[in-house]
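A.B. asks: Sharing protein.txt below, compact mmCIF, C-alpha atoms and all ligand atoms:
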# COMPACT_ATOMS: atom_id res chain seq x y z
CA MET A 411 -75.81 -58.10 74.65
CA THR A 412 -76.22 -60.26 77.73
CA ASP A 413 -72.85 -61.63 78.76
CA GLY A 414 -72.76 -65.27 79.57
CA PRO A 415 -70.32 -68.09 79.80
CA THR A 416 -71.76 -69.37 76.53
CA TYR A 417 -69.87 -66.75 74.52
CA GLY A 418 -66.28 -67.30 73.45
CA PHE A 419 -63.35 -64.98 74.11
CA ASP A 420 -63.38 -63.48 70.61
CA THR A 421 -67.04 -62.53 70.97
CA LEU A 422 -66.66 -61.15 74.48
CA GLN A 423 -63.61 -59.02 73.62
CA ILE A 424 -65.87 -57.09 71.22
CA HIS A 425 -69.22 -57.12 73.02
CA ALA A 426 -68.84 -57.58 76.79
CA GLY A 427 -70.10 -54.59 78.74
CA ALA A 428 -71.28 -52.67 75.66
CA ARG A 429 -74.76 -52.09 74.38
CA PRO A 430 -76.11 -49.59 71.84
CA ASP A 431 -76.24 -46.13 73.41
CA PRO A 432 -79.74 -45.79 74.95
CA ALA A 433 -80.05 -42.12 73.93
CA THR A 434 -78.84 -42.25 70.31
CA GLY A 435 -78.49 -45.89 69.30
CA ALA A 436 -74.77 -45.29 68.65
CA ARG A 437 -73.30 -48.73 68.01
CA GLN A 438 -69.77 -47.92 69.14
CA THR A 439 -69.34 -46.98 72.81
CA PRO A 440 -69.47 -43.15 72.99
CA ILE A 441 -66.77 -41.21 74.78
CA TYR A 442 -68.76 -39.67 77.63
CA GLN A 443 -66.65 -36.55 77.95
CA THR A 444 -68.40 -35.17 81.01
CA THR A 445 -67.39 -34.36 84.54
CA ALA A 446 -70.81 -34.59 86.20
CA TYR A 447 -74.28 -36.10 85.73
CA VAL A 448 -77.64 -34.42 86.39
CA PHE A 449 -79.57 -35.97 89.29
CA ARG A 450 -83.24 -36.77 88.63
CA ASP A 451 -84.14 -35.05 91.92
CA ALA A 452 -82.79 -34.58 95.43
CA ASP A 453 -83.86 -38.08 96.55
CA HIS A 454 -81.99 -39.64 93.62
CA ALA A 455 -78.88 -37.67 94.56
CA ALA A 456 -79.13 -38.76 98.19
CA ALA A 457 -79.56 -42.42 97.23
CA LEU A 458 -76.47 -42.25 94.99
CA PHE A 459 -74.36 -40.63 97.70
CA ASN A 460 -75.50 -43.27 100.23
CA LEU A 461 -74.52 -46.09 97.80
CA GLN A 462 -78.16 -47.23 97.93
CA GLU A 463 -78.48 -46.85 94.17
CA VAL A 464 -75.82 -47.42 91.53
CA GLY A 465 -75.41 -44.56 89.09
CA TYR A 466 -73.27 -41.67 87.98
CA ILE A 467 -72.32 -38.74 90.20
CA TYR A 468 -68.93 -37.39 89.17
CA SER A 469 -66.30 -38.79 86.79
CA ARG A 470 -63.61 -39.14 89.44
CA LEU A 471 -65.71 -42.11 90.61
CA THR A 472 -67.63 -43.43 87.62
CA ASN A 473 -68.06 -42.68 83.93
CA PRO A 474 -70.12 -44.67 81.38
CA THR A 475 -67.23 -45.17 78.90
CA ILE A 476 -64.97 -46.41 81.68
CA ALA A 477 -67.78 -48.59 83.04
CA VAL A 478 -67.90 -50.46 79.72
CA LEU A 479 -64.15 -51.05 79.84
CA GLN A 480 -64.38 -52.24 83.45
CA GLU A 481 -67.08 -54.74 82.59
CA ARG A 482 -65.21 -55.90 79.50
CA ILE A 483 -61.95 -56.60 81.37
CA ALA A 484 -63.80 -58.23 84.29
CA THR A 485 -65.61 -60.51 81.85
CA LEU A 486 -62.47 -61.49 79.93
CA GLU A 487 -60.72 -62.33 83.21
CA GLY A 488 -63.75 -64.20 84.57
CA GLY A 489 -63.99 -61.78 87.54
CA ALA A 490 -66.93 -60.26 89.41
CA GLY A 491 -65.94 -56.64 88.86
CA ALA A 492 -63.13 -54.29 87.93
CA VAL A 493 -61.96 -50.75 88.64
CA CYS A 494 -59.99 -48.89 86.00
CA CYS A 495 -57.47 -46.27 86.97
CA SER A 496 -54.90 -43.91 85.54
CA SER A 497 -51.97 -46.31 85.07
CA GLY A 498 -50.75 -49.79 85.90
CA HIS A 499 -48.83 -48.42 88.86
CA ALA A 500 -51.99 -46.70 90.10
CA ALA A 501 -53.77 -50.07 89.83
CA GLN A 502 -51.16 -51.65 92.10
CA ILE A 503 -51.70 -49.01 94.80
CA MET A 504 -55.47 -49.30 94.31
CA ALA A 505 -55.22 -53.08 94.79
CA LEU A 506 -53.17 -52.82 97.99
CA PHE A 507 -54.96 -49.81 99.51
CA PRO A 508 -58.07 -51.63 100.88
CA LEU A 509 -55.87 -54.41 102.29
CA MET A 510 -53.02 -52.56 103.94
CA GLN A 511 -52.52 -50.38 106.99
CA PRO A 512 -49.34 -48.89 108.48
CA GLY A 513 -47.17 -51.78 109.66
CA CYS A 514 -48.56 -54.23 107.11
CA ASN A 515 -46.55 -55.93 104.38
CA VAL A 516 -46.91 -57.59 100.99
CA VAL A 517 -44.86 -60.65 100.04
CA ALA A 518 -43.74 -60.18 96.43
CA SER A 519 -41.81 -62.11 93.82
CA THR A 520 -38.23 -61.09 93.08
CA ARG A 521 -39.14 -61.33 89.38
CA LEU A 522 -41.23 -58.23 88.73
CA TYR A 523 -41.45 -55.28 86.36
CA GLY A 524 -38.61 -52.93 87.41
CA GLY A 525 -41.00 -50.11 88.31
CA THR A 526 -42.89 -52.43 90.65
CA VAL A 527 -39.69 -53.39 92.48
CA THR A 528 -39.08 -49.68 93.09
CA GLN A 529 -42.71 -48.92 94.01
CA PHE A 530 -42.86 -51.83 96.48
CA GLY A 531 -39.25 -51.70 97.67
CA GLN A 532 -39.07 -47.94 98.24
CA THR A 533 -42.16 -45.80 97.76
CA ILE A 534 -44.79 -47.74 99.71
CA LYS A 535 -42.65 -47.33 102.83
CA ARG A 536 -43.93 -43.74 102.94
CA PHE A 537 -47.38 -45.20 103.69
CA GLY A 538 -45.93 -47.37 106.46
CA TRP A 539 -46.26 -50.45 104.25
CA SER A 540 -43.40 -52.73 103.27
CA ALA A 541 -42.59 -55.55 100.86
CA THR A 542 -40.65 -58.77 101.35
CA PHE A 543 -39.20 -60.17 98.11
CA VAL A 544 -38.79 -63.92 97.72
CA ASP A 545 -38.26 -66.54 95.01
CA PHE A 546 -41.72 -67.69 93.86
CA ASP A 547 -40.31 -70.95 92.50
CA ASP A 548 -40.11 -71.94 96.17
CA PRO A 549 -43.65 -71.95 97.66
CA ASP A 550 -42.16 -72.88 101.05
CA ALA A 551 -40.14 -69.66 100.97
CA VAL A 552 -43.32 -67.72 100.18
CA ALA A 553 -45.09 -69.42 103.11
CA ALA A 554 -42.14 -68.68 105.40
CA ALA A 555 -42.12 -65.00 104.39
CA ILE A 556 -45.78 -64.55 105.37
CA ASP A 557 -46.15 -63.18 108.91
CA GLU A 558 -49.10 -61.91 110.98
CA ASN A 559 -48.84 -58.50 109.27
CA THR A 560 -48.88 -59.82 105.68
CA ARG A 561 -52.00 -58.70 103.83
CA ALA A 562 -51.25 -59.75 100.25
CA VAL A 563 -48.96 -61.83 98.05
CA PHE A 564 -48.00 -60.39 94.67
CA CYS A 565 -46.49 -61.81 91.49
CA GLU A 566 -46.71 -61.61 87.70
CA SER A 567 -48.11 -64.44 85.57
CA ILE A 568 -45.33 -64.05 83.00
CA ALA A 569 -42.66 -61.76 84.43
CA ASN A 570 -40.80 -59.54 82.05
CA PRO A 571 -37.96 -59.14 81.29
CA GLY A 572 -36.70 -62.63 82.14
CA GLY A 573 -39.45 -64.78 80.57
CA TYR A 574 -40.23 -66.25 83.97
CA VAL A 575 -43.51 -68.13 84.42
CA THR A 576 -45.13 -68.34 87.86
CA ASP A 577 -46.82 -71.57 88.93
CA ILE A 578 -49.82 -69.58 90.20
CA ARG A 579 -51.60 -72.64 91.67
CA SER A 580 -48.69 -73.51 93.96
CA ILE A 581 -48.64 -69.95 95.32
CA ALA A 582 -52.44 -69.83 95.64
CA ASP A 583 -52.27 -72.95 97.84
CA VAL A 584 -49.99 -70.99 100.18
CA THR A 585 -52.18 -67.86 100.25
CA ASP A 586 -55.36 -69.93 100.72
CA ALA A 587 -53.83 -71.59 103.78
CA ALA A 588 -52.79 -68.17 105.14
CA GLY A 589 -56.18 -66.51 104.49
CA ILE A 590 -54.70 -63.68 102.41
CA PRO A 591 -55.32 -62.75 98.77
CA LEU A 592 -52.96 -63.56 95.90
CA ILE A 593 -52.66 -60.59 93.50
CA VAL A 594 -51.41 -61.43 90.01
CA ASP A 595 -50.14 -58.80 87.58
CA ASN A 596 -51.45 -60.25 84.31
CA THR A 597 -50.12 -57.47 82.07
CA SER A 598 -47.69 -59.54 80.01
CA ALA A 599 -49.90 -62.58 79.52
CA THR A 600 -53.28 -60.85 79.11
CA PRO A 601 -56.49 -62.82 79.77
CA TYR A 602 -56.15 -64.31 76.27
CA LEU A 603 -53.08 -66.32 77.29
CA CYS A 604 -53.71 -66.72 81.03
CA ARG A 605 -56.70 -66.35 83.36
CA PRO A 606 -55.16 -66.23 86.85
CA PHE A 607 -58.52 -66.65 88.66
CA GLU A 608 -58.71 -70.18 87.20
CA HIS A 609 -55.42 -70.91 89.00
CA GLY A 610 -56.51 -69.50 92.37
CA ALA A 611 -55.65 -65.77 92.26
CA ALA A 612 -58.00 -63.50 94.25
CA LEU A 613 -57.20 -60.21 92.48
CA ILE A 614 -55.63 -59.27 89.15
CA VAL A 615 -53.94 -56.02 88.20
CA HIS A 616 -53.21 -54.79 84.70
CA SER A 617 -51.27 -52.09 83.04
CA THR A 618 -53.81 -51.53 80.25
CA THR A 619 -51.12 -49.31 78.72
CA LYS A 620 -49.60 -52.45 77.22
CA TYR A 621 -51.27 -55.30 75.26
CA LEU A 622 -54.87 -54.49 76.19
CA THR A 623 -54.62 -51.13 74.42
CA GLY A 624 -52.00 -52.58 72.11
CA ASN A 625 -50.98 -49.53 70.13
CA GLY A 626 -48.91 -47.45 72.53
CA THR A 627 -51.35 -44.55 72.78
CA VAL A 628 -52.68 -44.19 76.33
CA MET A 629 -51.82 -44.97 79.95
CA GLY A 630 -54.19 -46.98 82.07
CA GLY A 631 -54.58 -49.64 84.71
CA CYS A 632 -57.19 -51.97 86.08
CA VAL A 633 -57.84 -53.96 89.26
CA VAL A 634 -60.05 -57.01 88.73
CA ASP A 635 -61.74 -58.81 91.61
CA SER A 636 -62.54 -62.52 91.44
CA GLY A 637 -65.38 -61.90 93.89
CA THR A 638 -64.49 -65.15 95.66
CA PHE A 639 -62.22 -64.04 98.49
CA ASP A 640 -63.84 -64.07 101.95
CA TRP A 641 -62.87 -60.68 103.44
CA SER A 642 -64.73 -61.47 106.66
CA ALA A 643 -63.10 -64.85 107.42
CA ASN A 644 -60.57 -63.16 109.71
CA ASP A 645 -60.00 -59.69 111.13
CA LYS A 646 -57.22 -58.78 108.70
CA PHE A 647 -59.28 -56.67 106.28
CA PRO A 648 -61.29 -54.16 108.36
CA SER A 649 -61.70 -51.75 105.41
CA LEU A 650 -63.88 -54.38 103.75
CA SER A 651 -65.36 -56.23 106.73
CA GLN A 652 -65.84 -53.48 109.35
CA PRO A 653 -68.10 -50.37 109.37
CA GLU A 654 -66.89 -47.57 107.07
CA PRO A 655 -67.26 -44.22 108.89
CA ALA A 656 -67.43 -42.22 105.64
CA TYR A 657 -70.58 -44.16 104.63
CA HIS A 658 -72.59 -44.11 107.89
CA GLY A 659 -71.04 -47.35 109.14
CA LEU A 660 -71.77 -49.38 106.00
CA LYS A 661 -69.87 -52.69 105.84
CA PHE A 662 -68.70 -53.26 102.27
CA HIS A 663 -68.42 -57.04 102.38
CA GLU A 664 -71.72 -57.56 104.17
CA THR A 665 -73.54 -55.12 101.87
CA PHE A 666 -72.01 -55.83 98.46
CA GLY A 667 -70.87 -59.47 98.79
CA PRO A 668 -68.73 -60.50 95.79
CA LEU A 669 -68.63 -56.85 94.61
CA ALA A 670 -67.25 -55.53 97.91
CA PHE A 671 -63.72 -54.96 96.67
CA THR A 672 -64.93 -53.31 93.45
CA PHE A 673 -67.36 -50.99 95.24
CA HIS A 674 -64.72 -50.08 97.80
CA GLY A 675 -62.28 -49.36 94.96
CA ILE A 676 -64.70 -46.86 93.45
CA ALA A 677 -66.43 -45.42 96.52
CA VAL A 678 -63.30 -45.02 98.65
CA GLY A 679 -60.28 -45.71 96.41
CA LEU A 680 -61.09 -43.49 93.44
CA ARG A 681 -62.98 -41.01 95.58
CA ASP A 682 -60.04 -40.34 97.90
CA LEU A 683 -56.93 -41.33 95.94
CA GLY A 684 -58.23 -39.87 92.68
CA MET A 685 -56.20 -42.14 90.36
CA THR A 686 -58.98 -42.00 87.79
CA MET A 687 -58.79 -43.14 84.18
CA ASN A 688 -60.03 -40.60 81.63
CA PRO A 689 -62.76 -41.52 79.12
CA GLN A 690 -60.50 -40.91 76.10
CA ALA A 691 -58.06 -43.49 77.44
CA ALA A 692 -60.90 -45.93 78.05
CA HIS A 693 -61.99 -45.43 74.42
CA TYR A 694 -58.54 -46.28 73.00
CA THR A 695 -58.28 -49.29 75.29
CA LEU A 696 -61.72 -50.54 74.27
CA MET A 697 -60.65 -50.21 70.61
CA GLY A 698 -57.53 -52.23 71.38
CA ILE A 699 -59.29 -55.01 73.26
CA GLU A 700 -61.55 -55.69 70.25
CA THR A 701 -58.54 -57.29 68.52
CA LEU A 702 -56.70 -58.65 71.56
CA SER A 703 -56.86 -62.35 70.66
CA LEU A 704 -55.79 -61.74 67.04
CA ARG A 705 -52.85 -59.63 68.10
CA MET A 706 -51.75 -62.02 70.85
CA GLN A 707 -51.75 -64.94 68.41
CA ARG A 708 -49.46 -62.98 66.10
CA HIS A 709 -47.26 -61.70 68.95
CA VAL A 710 -46.76 -65.30 70.08
CA GLN A 711 -46.13 -66.63 66.56
CA ASN A 712 -43.57 -63.90 65.81
CA ALA A 713 -41.91 -64.25 69.24
CA GLU A 714 -41.48 -68.00 68.73
CA THR A 715 -39.97 -67.47 65.25
CA VAL A 716 -37.63 -64.66 66.25
CA ALA A 717 -36.56 -66.32 69.52
CA ALA A 718 -35.66 -69.55 67.70
CA TRP A 719 -33.64 -67.60 65.12
CA LEU A 720 -31.74 -65.69 67.81
CA GLU A 721 -31.03 -68.82 69.83
CA ALA A 722 -29.36 -70.38 66.78
CA ASP A 723 -27.24 -67.28 66.09
CA PRO A 724 -23.56 -67.45 67.18
CA ARG A 725 -23.55 -63.75 68.22
CA VAL A 726 -26.18 -64.51 70.86
CA ASP A 727 -25.25 -66.20 74.15
CA TYR A 728 -28.72 -67.30 75.17
CA VAL A 729 -32.40 -66.45 74.83
CA THR A 730 -34.84 -66.58 77.77
CA TYR A 731 -38.27 -67.24 76.33
CA ALA A 732 -40.62 -69.72 77.96
CA GLY A 733 -41.85 -70.67 74.49
CA LEU A 734 -38.46 -72.20 73.59
CA PRO A 735 -37.85 -75.87 74.47
CA SER A 736 -34.49 -74.81 76.00
CA SER A 737 -36.26 -72.72 78.66
CA PRO A 738 -36.50 -74.18 82.17
CA TYR A 739 -40.09 -72.85 82.14
CA TYR A 740 -41.08 -74.47 78.81
CA GLU A 741 -43.14 -77.31 80.32
CA ARG A 742 -44.77 -75.05 82.91
CA ALA A 743 -45.63 -72.48 80.25
CA LYS A 744 -47.12 -75.18 78.00
CA ALA A 745 -49.32 -76.41 80.83
CA LEU A 746 -50.36 -72.94 82.07
CA TYR A 747 -50.40 -71.06 78.76
CA PRO A 748 -51.33 -73.52 76.02
CA LYS A 749 -51.88 -70.61 73.58
CA GLY A 750 -48.29 -69.42 73.96
CA ALA A 751 -45.83 -67.77 76.30
CA GLY A 752 -46.41 -64.18 75.16
CA GLY A 753 -44.43 -61.73 73.08
CA LEU A 754 -41.67 -60.68 75.45
CA PHE A 755 -38.25 -62.14 75.96
CA THR A 756 -34.65 -61.26 76.59
CA PHE A 757 -31.46 -62.33 74.90
CA ALA A 758 -27.83 -62.00 75.92
CA VAL A 759 -25.42 -60.52 73.41
CA LYS A 760 -21.80 -61.68 73.24
CA GLY A 761 -19.82 -58.51 73.82
CA GLY A 762 -21.83 -57.47 76.87
CA TYR A 763 -22.94 -53.98 77.82
CA ASP A 764 -21.21 -52.15 74.95
CA ALA A 765 -22.54 -54.50 72.27
CA CYS A 766 -26.07 -54.13 73.71
CA VAL A 767 -25.84 -50.35 73.50
CA LYS A 768 -24.62 -50.60 69.87
CA LEU A 769 -27.39 -53.04 69.07
CA VAL A 770 -30.21 -50.80 70.30
CA ASN A 771 -28.63 -47.88 68.43
CA SER A 772 -28.49 -49.87 65.17
CA LEU A 773 -31.96 -51.41 65.00
CA GLU A 774 -34.27 -49.79 62.45
CA ILE A 775 -37.70 -51.44 62.77
CA PHE A 776 -37.40 -52.01 66.51
CA SER A 777 -37.91 -48.79 68.47
CA HIS A 778 -35.73 -48.16 71.51
CA VAL A 779 -38.39 -47.27 74.06
CA ALA A 780 -39.40 -47.95 77.66
CA ASN A 781 -42.60 -49.72 76.79
CA LEU A 782 -43.93 -53.13 75.82
CA GLY A 783 -47.05 -54.68 74.36
CA ASP A 784 -47.25 -52.39 71.34
CA ALA A 785 -48.23 -53.54 67.83
CA ARG A 786 -44.72 -52.43 66.78
CA SER A 787 -41.58 -54.21 67.90
CA LEU A 788 -39.72 -52.57 70.76
CA VAL A 789 -36.31 -53.07 72.32
CA ILE A 790 -34.70 -51.88 75.50
CA HIS A 791 -31.45 -52.42 77.30
CA ALA A 792 -32.88 -52.86 80.80
CA ALA A 793 -29.62 -52.43 82.73
CA SER A 794 -29.10 -48.90 81.38
CA THR A 795 -32.79 -47.88 81.53
CA THR A 796 -35.80 -49.53 83.24
CA HIS A 797 -33.72 -51.54 85.71
CA ARG A 798 -31.07 -48.84 86.19
CA GLN A 799 -32.30 -47.96 89.72
CA LEU A 800 -31.87 -51.56 90.88
CA THR A 801 -28.75 -53.02 92.48
CA ALA A 802 -26.62 -55.47 90.46
CA GLU A 803 -28.13 -58.34 92.47
CA GLN A 804 -31.68 -57.11 91.82
CA GLN A 805 -30.88 -56.74 88.09
CA GLU A 806 -29.59 -60.33 87.91
CA ALA A 807 -32.58 -61.63 89.92
CA ALA A 808 -34.95 -59.86 87.52
CA GLY A 809 -33.10 -61.30 84.51
CA ALA A 810 -31.82 -57.88 83.47
CA GLY A 811 -28.02 -58.19 83.58
CA PRO A 812 -25.73 -55.79 81.64
CA ASN A 813 -25.41 -58.14 78.61
CA VAL A 814 -29.17 -58.60 78.25
CA VAL A 815 -31.56 -56.89 75.85
CA ARG A 816 -35.33 -57.15 76.16
CA VAL A 817 -37.57 -57.23 73.12
CA SER A 818 -41.31 -56.85 72.85
CA ILE A 819 -42.07 -58.56 69.56
CA GLY A 820 -44.70 -56.76 67.50
CA ILE A 821 -47.08 -57.99 64.85
CA GLU A 822 -45.00 -57.01 61.79
CA ASP A 823 -43.63 -59.57 59.28
CA SER A 824 -41.28 -61.81 61.23
CA ASP A 825 -38.86 -61.97 58.24
CA ASP A 826 -38.39 -58.20 58.48
CA LEU A 827 -37.78 -58.39 62.23
CA ILE A 828 -35.13 -61.07 61.73
CA ARG A 829 -33.40 -59.08 58.96
CA ASP A 830 -33.33 -56.03 61.24
CA LEU A 831 -31.85 -57.99 64.15
CA ASP A 832 -29.31 -59.59 61.81
CA GLN A 833 -27.94 -56.27 60.50
CA ALA A 834 -27.89 -54.71 63.98
CA LEU A 835 -26.11 -57.71 65.52
CA SER A 836 -23.50 -57.48 62.74
CA LEU A 837 -22.79 -53.86 63.68
CA ALA A 838 -22.92 -54.55 67.42
CA CYS A 839 -20.56 -57.51 67.38
CA SER A 840 -18.04 -56.26 64.79
C1 LIG A 901 -45.90 -51.32 82.45
C2 LIG A 901 -46.12 -52.30 83.56
C3 LIG A 901 -46.56 -51.86 84.81
C4 LIG A 901 -46.81 -50.41 85.13
O1 LIG A 901 -47.85 -49.93 84.34
P1 LIG A 901 -47.97 -48.37 83.90
O2 LIG A 901 -49.19 -48.35 83.07
O3 LIG A 901 -46.72 -48.04 83.15
O4 LIG A 901 -48.07 -47.59 85.16
C5 LIG A 901 -46.77 -52.82 85.80
N1 LIG A 901 -46.53 -54.12 85.56
C6 LIG A 901 -46.10 -54.57 84.36
C7 LIG A 901 -45.87 -56.02 84.15
C8 LIG A 901 -45.88 -53.67 83.33
O5 LIG A 901 -45.44 -54.12 82.14
Rewrite the coordinates I just gave you, this time as structure tokens.
Ligand SMILES: *Cc1c(COP(=O)(O)O)cnc(C)c1O
C.D. replies:
Amino acid sequence: MTDGPTYGFDTLQIHAGARPDPATGARQTPIYQTTAYVFRDADHAAALFNLQEVGYIYSRLTNPTIAVLQERIATLEGGAGAVCCSSGHAAQIMALFPLMQPGCNVVASTRLYGGTVTQFGQTIKRFGWSATFVDFDDPDAVAAAIDENTRAVFCESIANPGGYVTDIRSIADVTDAAGIPLIVDNTSATPYLCRPFEHGAALIVHSTTKYLTGNGTVMGGCVVDSGTFDWSANDKFPSLSQPEPAYHGLKFHETFGPLAFTFHGIAVGLRDLGMTMNPQAAHYTLMGIETLSLRMQRHVQNAETVAAWLEADPRVDYVTYAGLPSSPYYERAKALYPKGAGGLFTFAVKGGYDACVKLVNSLEIFSHVANLGDARSLVIHAASTTHRQLTAEQQEAAGAGPNVVRVSIGIEDSDDLIRDLDQALSLACS
């Protein structure tokens, strides 16, 4: 199928990037379980290695199953290209790698996935990079945090666990003025609910582990490039604008234009960092994406129903879900995400830390796991698990205080989810 803007999301989530297998006619995308690809002849091999011809060399760099997934996600996000990798965290390193050098920094939101706070706050220091965390409700604070060594600004569209919604446009205005790219982690919203490029983001990262796969089977990540950022407008991005010694002085931006970031991600990022997705994972994620819109509609519908029930329950202190009129982000979410505010939210249990622990121990349908975006409903007490490594201040800033439980609402019957929460709250608060 030829992909065009004339097709709707539901059509593209099934067809984009895929065509019947040229060798066999197989209608479903085959799992190309191969490490290497036979060159037609020595000239063909040389052209591939020189990046003069696009093709397959070795599956650390490219693989036909993964190529379909890359094209599908790029299409759904409205981007120019995408690079899949082994996990969401790998995608974040892959997104920063072409931009950063020792001494450079990223300005990031305080409201991020707990693992990202640790990756940015601690681990990237080993590369000589650093992160400055600021409140993204204050674009002036973001602007003030940007200095001459800032190479990227990073936030989530909908930040779990606190149900926080970023006004992406207001941050993109700041990054546009500074000549640096805005990277949006669109894991929680998915391109069905939010398309960050339409609000001014330059790059998108995903943990495909979550809603895109949607069934809790495989790890994966993806970096999507809008293709619109001008890497040569200033001298901040030499990896993309200056000659690359490993490719005979080729300049990625000059040579590949809007695909510069994507080609660099494959030809240098995957080649040398090796954070490659495997074709089995790409297969499961492609299967998941076929039903993304249907699942997201149900996640949203169930989340709205369950959140409203919890908010009205006397055993619950408060619920933070941008889909509830009581949320300070309700109006922003309605404007930015007219199809709904996603399937994740937190609620505070009267009785604090101990009641939360009892609650997660008592739930029967909800699984107590460190994951989200599964077809099944999940629960976690962030303060004792995912956000355990953070300081008390970081936990509060991320919306993960000791009395708070995060749920990822699945696509089961909402009546059953409510009955399960009801019985568990009774045990927790007795
Ligand atoms: C899970 C998650 C990540 C990390 O992805 P992995 O696939 O677990 O490495 C990053 N950001 C968000 C918002 C996530 O939910």
A.B. asks: Which is closer to Ala611 in chain A than all the others in A:Thr597, A:Ser580, A:Gln443, A:Ser737, using only C-alpha atoms?
C.D. replies: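 Ranking A:Thr597, A:Ser580, A:Gln443, A:Ser737 by distance to Ala611 in chain A, first place goes to A:Ser580.
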A.B. asks: Using all atoms listed in the file, find each protein or nucleic acid residue lying at most 6 Å from ligand LIG 901 (chain A); present the set as a count of residues only.
C.D. replies: 11
A.B. asks: Using Å and a single decimal, report how far CA of Ala477 in chain A sits from CA of Ala692 in chain A.
C.D. replies: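 Separation of CA of Ala692 in chain A and CA of Ala477 in chain A: 8.9 Å.
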A.B. asks: Identify which of the residues A:Asn473, A:Ser840, A:Gln805, A:Ser818 lies closest to Ala780 in chain A, counting only C-alpha atoms when measuring atom-to-atom distances.
C.D. replies: A:Ser818
A.B. asks: Give me the residues within 7 Å of range 701-714 of chain A as a PDB file with C-alpha atoms, in the frame of the given file, counting only C-alpha atoms and dropping any in the same chain fewer than 4 places off.
C.D. replies:
ATOM      1  CA  ASP A 420     -63.380 -63.480  70.610  1.00  0.00           C
ATOM      2  CA  TYR A 602     -56.150 -64.310  76.270  1.00  0.00           C
ATOM      3  CA  LEU A 622     -54.870 -54.490  76.190  1.00  0.00           C
ATOM      4  CA  ALA A 718     -35.660 -69.550  67.700  1.00  0.00           C
ATOM      5  CA  GLY A 733     -41.850 -70.670  74.490  1.00  0.00           C
ATOM      6  CA  GLY A 750     -48.290 -69.420  73.960  1.00  0.00           C
ATOM      7  CA  ALA A 751     -45.830 -67.770  76.300  1.00  0.00           C
ATOM      8  CA  GLY A 752     -46.410 -64.180  75.160  1.00  0.00           C
ATOM      9  CA  GLY A 753     -44.430 -61.730  73.080  1.00  0.00           C
ATOM     10  CA  ILE A 819     -42.070 -58.560  69.560  1.00  0.00           C
ATOM     11  CA  GLY A 820     -44.700 -56.760  67.500  1.00  0.00           C
ATOM     12  CA  ILE A 821     -47.080 -57.990  64.850  1.00  0.00           C
ATOM     13  CA  SER A 824     -41.280 -61.810  61.230  1.00  0.00           C
TER      14      SER A 824
END
A.B. asks: Smallest atom-to-atom distance to Thr686 in chain A: which of A:Cys494, A:Ile699, A:Leu831, A:Ala785, using all atoms listed in the file?
C.D. replies: A:Cys494
A.B. asks: So how many Å separate CA of Gly624 in chain A and CA of Asp784 in chain A, to one decimal?
C.D. replies: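 Those two atoms sit 4.8 Å apart.
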A.B. asks: Please determine, counting all atoms listed in the file, which residue among A:Gln502, A:Thr475, A:Thr528, A:Thr439 has the shortest atom-to-atom distance to Thr801 in chain A.
C.D. replies: A:Thr528
A.B. asks: Can you work out the spacing between CA of Tyr621 in chain A and CA of Ala670 in chain A in Å, to one decimal?
C.D. replies: 27.7 Å
A.B. asks: Go through A:Ala758, A:Leu479, A:Leu788, A:Leu773 one by one, measure the shortest atom-to-atom distance of each to Pro812 in chain A using all atoms listed in the file, and give the residue with the smallest value.
C.D. replies: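 Between A:Ala758, A:Leu479, A:Leu788, A:Leu773, the residue approaching Pro812 in chain A most closely is A:Ala758.
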A.B. asks: I need the residue nearest Ile590 in chain A from this list: A:Ala500, A:Leu827, A:Leu506, A:Leu754. Use all atoms listed in the file for the distance.
C.D. replies: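 Among the listed residues, A:Leu506 lies closest to Ile590 in chain A.
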A.B. asks: I want to know what sits within 8 Å of Asn688 in chain A, based on all atoms listed in the file, with residues of the same chain fewer than 3 positions away left out; could you give that as a CSV table (one decimal) with C-alpha atoms, in the frame of the given file?
C.D. replies:
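Output contents, as saved in selection-v9.csv:
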chain,number,residue,atom,x,y,z
A,476,ILE,CA,-65.0,-46.4,81.7
A,496,SER,CA,-54.9,-43.9,85.5
A,691,ALA,CA,-58.1,-43.5,77.4
A,692,ALA,CA,-60.9,-45.9,78.0
